[in-house]
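Source file my_file-v1.cif; content: mmCIF, C-alpha atoms and all ligand atoms.
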data_final
loop_
_atom_site.label_atom_id
_atom_site.label_comp_id
_atom_site.auth_asym_id
_atom_site.auth_seq_id
_atom_site.Cartn_x
_atom_site.Cartn_y
_atom_site.Cartn_z
CA MET W 261 22.02 -4.08 1.43
CA LYS W 262 19.08 -6.38 2.09
CA ASN W 263 17.15 -6.37 5.36
CA ILE W 264 15.14 -9.59 5.58
CA VAL W 265 12.52 -10.10 8.29
CA ILE W 266 11.91 -13.81 8.83
CA PHE W 267 8.56 -14.11 10.53
CA GLY W 268 6.40 -16.89 11.90
CA ALA W 269 4.91 -18.48 14.98
CA PRO W 270 7.12 -20.28 17.53
CA GLY W 271 8.44 -23.43 15.87
CA SER W 272 7.75 -22.22 12.34
CA GLY W 273 11.39 -22.78 11.35
CA LYS W 274 12.80 -19.26 11.49
CA GLY W 275 16.11 -20.41 12.99
CA THR W 276 16.52 -23.37 10.63
CA GLN W 277 15.85 -21.34 7.50
CA SER W 278 17.99 -18.43 8.76
CA ASP W 279 20.99 -20.75 9.01
CA LYS W 280 20.46 -21.79 5.40
CA ILE W 281 20.18 -18.16 4.27
CA VAL W 282 23.43 -17.31 6.10
CA GLU W 283 25.18 -20.23 4.43
CA LYS W 284 24.02 -19.29 0.93
CA TYR W 285 24.11 -15.49 1.01
CA GLY W 286 26.60 -14.72 3.79
CA PHE W 287 24.15 -12.38 5.49
CA LYS W 288 24.41 -11.50 9.17
CA HIS W 289 21.77 -13.04 11.44
CA ILE W 290 20.11 -11.48 14.49
CA SER W 291 18.04 -13.99 16.46
CA THR W 292 16.61 -12.15 19.43
CA GLY W 293 15.80 -15.52 21.06
CA ASP W 294 19.44 -16.61 20.75
CA VAL W 295 20.67 -13.25 22.08
CA LEU W 296 18.42 -13.60 25.13
CA ARG W 297 19.38 -17.24 25.74
CA GLY W 298 23.04 -16.19 25.58
CA GLU W 299 22.43 -13.52 28.21
CA ILE W 300 20.65 -16.05 30.45
CA LYS W 301 23.53 -18.50 30.09
CA ASN W 302 26.03 -15.80 31.03
CA GLY W 303 23.96 -14.80 34.05
CA THR W 304 23.80 -11.09 33.10
CA GLU W 305 21.26 -8.64 34.52
CA LEU W 306 19.49 -8.66 31.17
CA GLY W 307 19.46 -12.46 31.25
CA LYS W 308 17.88 -12.49 34.69
CA THR W 309 15.14 -10.14 33.54
CA ALA W 310 14.57 -12.05 30.32
CA LYS W 311 14.34 -15.46 31.99
CA GLY W 312 11.24 -14.52 33.94
CA TYR W 313 9.38 -13.61 30.77
CA ILE W 314 10.65 -16.44 28.59
CA ASP W 315 9.91 -19.22 31.09
CA ASN W 316 6.39 -17.88 31.32
CA GLY W 317 5.88 -17.75 27.54
CA GLN W 318 5.65 -13.94 27.57
CA LEU W 319 7.45 -11.34 25.48
CA ILE W 320 10.27 -9.20 26.83
CA PRO W 321 9.23 -5.49 27.04
CA ASP W 322 9.52 -3.64 23.73
CA SER W 323 11.82 -0.87 24.99
CA LEU W 324 14.41 -3.41 26.13
CA MET W 325 14.23 -5.42 22.90
CA ILE W 326 14.53 -2.34 20.71
CA ASP W 327 17.75 -1.22 22.46
CA ILE W 328 19.25 -4.70 22.19
CA LEU W 329 18.38 -4.91 18.52
CA ALA W 330 19.93 -1.56 17.61
CA SER W 331 23.18 -2.38 19.39
CA VAL W 332 23.52 -5.79 17.68
CA TYR W 333 22.68 -4.25 14.30
CA ASP W 334 25.28 -1.51 14.68
CA SER W 335 27.93 -4.03 15.70
CA PHE W 336 27.72 -5.60 12.21
CA GLY W 337 29.19 -2.67 10.29
CA ALA W 338 29.02 -2.82 6.49
CA VAL W 339 27.36 -6.04 5.31
CA GLU W 340 25.43 -7.28 2.29
CA GLY W 341 22.41 -8.30 4.23
CA VAL W 342 20.87 -8.84 7.65
CA ILE W 343 18.25 -11.39 8.70
CA PHE W 344 15.94 -10.35 11.53
CA ASP W 345 14.75 -13.57 13.21
CA GLY W 346 12.25 -13.22 16.04
CA PHE W 347 12.06 -9.43 15.70
CA PRO W 348 9.73 -7.62 15.32
CA ARG W 349 7.19 -9.49 17.44
CA THR W 350 4.85 -6.56 18.16
CA ILE W 351 3.64 -3.53 16.21
CA PRO W 352 5.73 -1.09 18.32
CA GLN W 353 8.80 -3.21 17.50
CA ALA W 354 7.98 -3.06 13.78
CA GLU W 355 7.61 0.70 13.97
CA ALA W 356 10.90 0.99 15.87
CA LEU W 357 12.65 -1.19 13.29
CA LYS W 358 11.33 0.95 10.48
CA GLN W 359 12.60 4.09 12.19
CA MET W 360 15.95 2.56 13.13
CA LEU W 361 16.59 1.49 9.53
CA ALA W 362 15.41 4.83 8.14
CA GLU W 363 17.90 6.63 10.42
CA ARG W 364 20.59 4.46 8.83
CA GLY W 365 19.43 5.17 5.29
CA THR W 366 17.90 1.77 4.65
CA GLU W 367 14.64 -0.19 5.04
CA VAL W 368 13.12 -3.66 5.33
CA SER W 369 13.43 -5.35 1.92
CA VAL W 370 10.92 -8.14 2.51
CA MET W 371 9.03 -9.88 5.30
CA LEU W 372 8.90 -13.66 4.85
CA ASN W 373 5.90 -15.11 6.65
CA LEU W 374 6.53 -18.79 7.38
CA ASP W 375 3.05 -20.21 7.64
CA VAL W 376 2.64 -23.52 9.54
CA PRO W 377 -0.60 -25.07 10.90
CA GLU W 378 -0.90 -24.78 14.67
CA ALA W 379 -1.12 -28.55 15.30
CA GLU W 380 2.19 -29.00 13.52
CA LEU W 381 3.81 -26.19 15.53
CA MET W 382 2.78 -27.89 18.77
CA ASP W 383 4.21 -31.18 17.55
CA ARG W 384 7.51 -29.68 16.43
CA LEU W 385 8.05 -27.72 19.65
CA ILE W 386 7.34 -30.66 21.93
CA LYS W 387 9.84 -32.74 19.92
CA ARG W 388 12.39 -29.89 20.01
CA GLY W 389 11.99 -29.63 23.79
CA GLN W 390 12.89 -33.30 24.19
CA ILE W 391 16.16 -32.77 22.29
CA SER W 392 17.17 -29.19 23.10
CA GLY W 393 16.00 -29.09 26.68
CA ARG W 394 14.83 -25.50 26.06
CA ALA W 395 12.93 -24.52 29.18
CA ASP W 396 10.13 -22.87 27.18
CA ASP W 397 9.53 -25.90 24.92
CA ASN W 398 7.11 -27.69 27.24
CA GLU W 399 3.41 -28.12 26.51
CA GLU W 400 2.13 -25.54 28.98
CA THR W 401 4.56 -22.79 27.93
CA ILE W 402 4.16 -23.60 24.23
CA LYS W 403 0.39 -23.05 24.54
CA LYS W 404 1.00 -19.65 26.15
CA ARG W 405 3.51 -18.71 23.44
CA LEU W 406 1.01 -19.59 20.72
CA VAL W 407 -1.61 -17.36 22.38
CA VAL W 408 0.94 -14.53 22.64
CA TYR W 409 1.75 -15.06 18.97
CA GLN W 410 -1.93 -14.85 17.97
CA GLU W 411 -2.62 -11.78 20.08
CA GLN W 412 0.55 -9.69 19.80
CA THR W 413 2.57 -10.93 16.84
CA SER W 414 0.16 -12.07 14.12
CA PRO W 415 -1.21 -8.49 13.62
CA LEU W 416 2.18 -7.82 11.99
CA ILE W 417 1.05 -9.78 8.94
CA GLU W 418 -1.45 -7.07 8.06
CA TRP W 419 1.01 -4.36 9.11
CA TYR W 420 3.61 -5.61 6.62
CA GLN W 421 0.93 -6.14 3.97
CA ASN W 422 0.14 -2.44 4.29
CA GLU W 423 3.84 -1.66 3.93
CA GLY W 424 3.86 -3.72 0.71
CA LYS W 425 6.57 -5.98 2.16
CA HIS W 426 4.71 -9.19 3.03
CA THR W 427 5.49 -12.50 1.27
CA HIS W 428 3.66 -15.67 2.24
CA ILE W 429 5.84 -18.80 2.48
CA GLN W 430 4.30 -22.26 2.92
CA GLY W 431 6.25 -23.32 6.01
CA SER W 432 5.26 -26.98 6.19
CA GLY W 433 6.56 -29.76 3.95
CA GLU W 434 10.00 -30.36 2.50
CA LEU W 435 12.76 -28.23 4.06
CA GLU W 436 14.47 -27.66 0.71
CA LYS W 437 11.22 -26.63 -0.99
CA ILE W 438 10.62 -24.05 1.75
CA PHE W 439 14.17 -22.78 1.33
CA ALA W 440 13.76 -22.56 -2.46
CA ASP W 441 10.66 -20.38 -1.98
CA ILE W 442 12.60 -18.19 0.44
CA CYS W 443 15.50 -17.78 -2.00
CA GLU W 444 13.10 -16.81 -4.76
CA ALA W 445 11.68 -14.06 -2.55
CA ILE W 446 15.13 -12.82 -1.48
CA ASP W 447 16.43 -12.77 -5.06
CA LYS W 448 13.49 -10.64 -6.13
CA VAL W 449 14.29 -7.73 -3.79
P1 LIG D 501 11.54 -20.43 16.11
O1 LIG D 501 11.28 -21.81 16.60
O2 LIG D 501 10.69 -20.11 14.90
O3 LIG D 501 12.99 -20.18 15.84
P2 LIG D 501 10.69 -19.38 18.80
O4 LIG D 501 9.50 -18.51 18.96
O5 LIG D 501 10.59 -20.76 19.29
O6 LIG D 501 11.11 -19.35 17.26
P3 LIG D 501 12.71 -17.52 19.85
O7 LIG D 501 12.58 -16.60 18.70
O8 LIG D 501 14.01 -18.13 20.10
O9 LIG D 501 11.80 -18.82 19.71
O10 LIG D 501 12.17 -16.72 21.15
C1 LIG D 501 12.12 -17.30 22.44
C2 LIG D 501 11.54 -16.32 23.48
O11 LIG D 501 12.39 -15.16 23.58
C3 LIG D 501 10.16 -15.74 23.16
O12 LIG D 501 9.11 -16.61 23.56
C4 LIG D 501 10.19 -14.42 23.98
O13 LIG D 501 9.96 -14.63 25.34
C5 LIG D 501 11.62 -13.95 23.82
N1 LIG D 501 11.77 -13.05 22.66
C6 LIG D 501 12.46 -13.33 21.52
N2 LIG D 501 12.36 -12.30 20.65
C7 LIG D 501 11.59 -11.35 21.25
C8 LIG D 501 11.11 -10.06 20.87
N3 LIG D 501 11.39 -9.54 19.67
N4 LIG D 501 10.33 -9.38 21.74
C9 LIG D 501 10.04 -9.88 22.94
N5 LIG D 501 10.45 -11.08 23.36
C10 LIG D 501 11.22 -11.82 22.55
MG MG D 502 14.43 -19.42 16.99
#

Give the structure from this file in structure tokens form.
Amino acid sequence: MKNIVIFGAPGSGKGTQSDKIVEKYGFKHISTGDVLRGEIKNGTELGKTAKGYIDNGQLIPDSLMIDILASVYDSFGAVEGVIFDGFPRTIPQAEALKQMLAERGTEVSVMLNLDVPEAELMDRLIKRGQISGRADDNEETIKKRLVVYQEQTSPLIEWYQNEGKHTHIQGSGELEKIFADICEAIDKV
């Protein structure tokens, strides 16, 4: 059982690379962003709460995210691997993930840190917004999300380094080259 954390700033390619991992390895994929967008689309109470935060470039409160994550994880049953995409995004979330997995007799296998220069992130997200129509992919909200990433999420790099789980992945350049580096890291654990 492999638990893969795919990590990176907004627009770093977590979703794209996760799809490729799913295709090759048959792992289950939890994208907290996709879960929240699904809730918004379905007009649930959770969706209504989440929308306020997402449209403003902010993170959803940890306690809410942690509950959602555990329930999605448990719905998978026995699987060969799980990809965590967009979670953890804060140190309390990383601690909660560690505890949740320990309670289930497992642990994070590796954290893949997709590293992309900020100017390229901005470029990618503005282009994605034009195609996807995602409400949070506009210049003003993207800037806020990048600040939130720097302040609340990037400290996780050091946190996972201390856990001995961090692997740096060059996240710009050829898609297939990035994926090859990811596969190498997954095959090692
Ligand atoms: P990428 O482009 O690399 O796939 P992203 O950052 O553009 O990633 P999502 O991961 O889809 O996008 O997240 C979108 C929004 O959902 C976040 O800005 C945040 O408001 C909310 N969100 C997602 N995951 C979490 C989380 N773990 N904790 C709090 N909020 C979250
Ligand atoms: Mg995503």

| field | Length of the CA of Thr276 in chain W to CA of Glu418 in chain W vector [Å] | value |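 Between CA of Thr276 in chain W and CA of Glu418 in chain W the gap works out to 24.4 Å.
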
Show which residues sit within 8 Å of range 341-357 of chain W, as an mmCIF file with C-alpha atoms, in the coordinates of the input. Count all atoms listed in the file, and ignore same-chain residues fewer than 4 positions away.
data_model
loop_
_atom_site.group_PDB
_atom_site.id
_atom_site.type_symbol
_atom_site.label_atom_id
_atom_site.label_comp_id
_atom_site.auth_asym_id
_atom_site.auth_seq_id
_atom_site.Cartn_x
_atom_site.Cartn_y
_atom_site.Cartn_z
ATOM 1 C CA MET W 261 22.020 -4.080 1.430
ATOM 2 C CA LYS W 262 19.080 -6.380 2.090
ATOM 3 C CA ASN W 263 17.150 -6.370 5.360
ATOM 4 C CA ILE W 264 15.140 -9.590 5.580
ATOM 5 C CA VAL W 265 12.520 -10.100 8.290
ATOM 6 C CA ILE W 266 11.910 -13.810 8.830
ATOM 7 C CA PHE W 267 8.560 -14.110 10.530
ATOM 8 C CA LYS W 274 12.800 -19.260 11.490
ATOM 9 C CA GLY W 275 16.110 -20.410 12.990
ATOM 10 C CA SER W 278 17.990 -18.430 8.760
ATOM 11 C CA GLY W 286 26.600 -14.720 3.790
ATOM 12 C CA PHE W 287 24.150 -12.380 5.490
ATOM 13 C CA LYS W 288 24.410 -11.500 9.170
ATOM 14 C CA HIS W 289 21.770 -13.040 11.440
ATOM 15 C CA ILE W 290 20.110 -11.480 14.490
ATOM 16 C CA SER W 291 18.040 -13.990 16.460
ATOM 17 C CA THR W 292 16.610 -12.150 19.430
ATOM 18 C CA GLY W 293 15.800 -15.520 21.060
ATOM 19 C CA ASP W 322 9.520 -3.640 23.730
ATOM 20 C CA MET W 325 14.230 -5.420 22.900
ATOM 21 C CA ILE W 326 14.530 -2.340 20.710
ATOM 22 C CA LEU W 361 16.590 1.490 9.530
ATOM 23 C CA TYR W 409 1.750 -15.060 18.970
ATOM 24 C CA GLN W 412 0.550 -9.690 19.800
ATOM 25 C CA THR W 413 2.570 -10.930 16.840
ATOM 26 C CA PRO W 415 -1.210 -8.490 13.620
ATOM 27 C CA LEU W 416 2.180 -7.820 11.990
ATOM 28 C CA TRP W 419 1.010 -4.360 9.110
#

| request: State, in Å with one decimal place, the distance from CA of Gly393 in chain W to CA of Ser331 in chain W. | output: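 Going from CA of Gly393 in chain W over to CA of Ser331 in chain W, I get 28.6 Å.
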
| field | Given all atoms listed in the file as the counted atoms, nearest of W:Arg384, W:Lys403, W:Lys301, W:His426 to Val368 in chain W | value |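 Nearest to Val368 in chain W: W:His426.
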
| message | Quick check, in Å to one decimal: how far apart do CA of Pro377 in chain W and CA of Ala269 in chain W lie? | response | 9.5 Å

| request: Identify which of the residues W:Ser335, W:Thr304, W:Thr401, W:Ser432 lies closest to Leu385 in chain W, counting only C-alpha atoms when measuring atom-to-atom distances. | output: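 Of all the options, W:Thr401 lies closest to Leu385 in chain W.
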
As JSON, what would the box around ligand LIG 501 (chain D) look like: edges along x, y and z, 3 Å added on every side, centre and edge lengths in Å to one decimal?
{"center_x": 11.6, "center_y": -15.6, "center_z": 20.1, "size_x": 10.9, "size_y": 18.4, "size_z": 16.4}

| said: With distances taken over only C-alpha atoms and all ligand atoms, which residue among W:Asp397, W:Asn422, W:Gly298, W:Ile281 lies nearest ligand LIG 501 (chain D)? | reply: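 Nearest candidate to ligand LIG 501 (chain D) out of W:Asp397, W:Asn422, W:Gly298, W:Ile281: W:Asp397.
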
| task | Can you pull out every residue within 10 Å of Lys448 in chain W, counting only C-alpha atoms, but drop anything in the same chain fewer than 2 positions away, and send it as a ChimeraX atom specification? | result | /W:369-370,443-446

| said: I need the residue nearest Ala379 in chain W from this list: W:Tyr313, W:Ser272, W:Glu340, W:Asp396. Use only C-alpha atoms for the distance. | reply: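 Answer, going by the shortest atom-to-atom distance: W:Ser272.
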
| said: Measuring between only C-alpha atoms and all ligand atoms, which one of W:Arg364, W:Lys437, W:Lys425, W:Arg297 shows the shortest distance to ligand LIG 501 (chain D)? | reply: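 Answer, going by the shortest atom-to-atom distance: W:Arg297.
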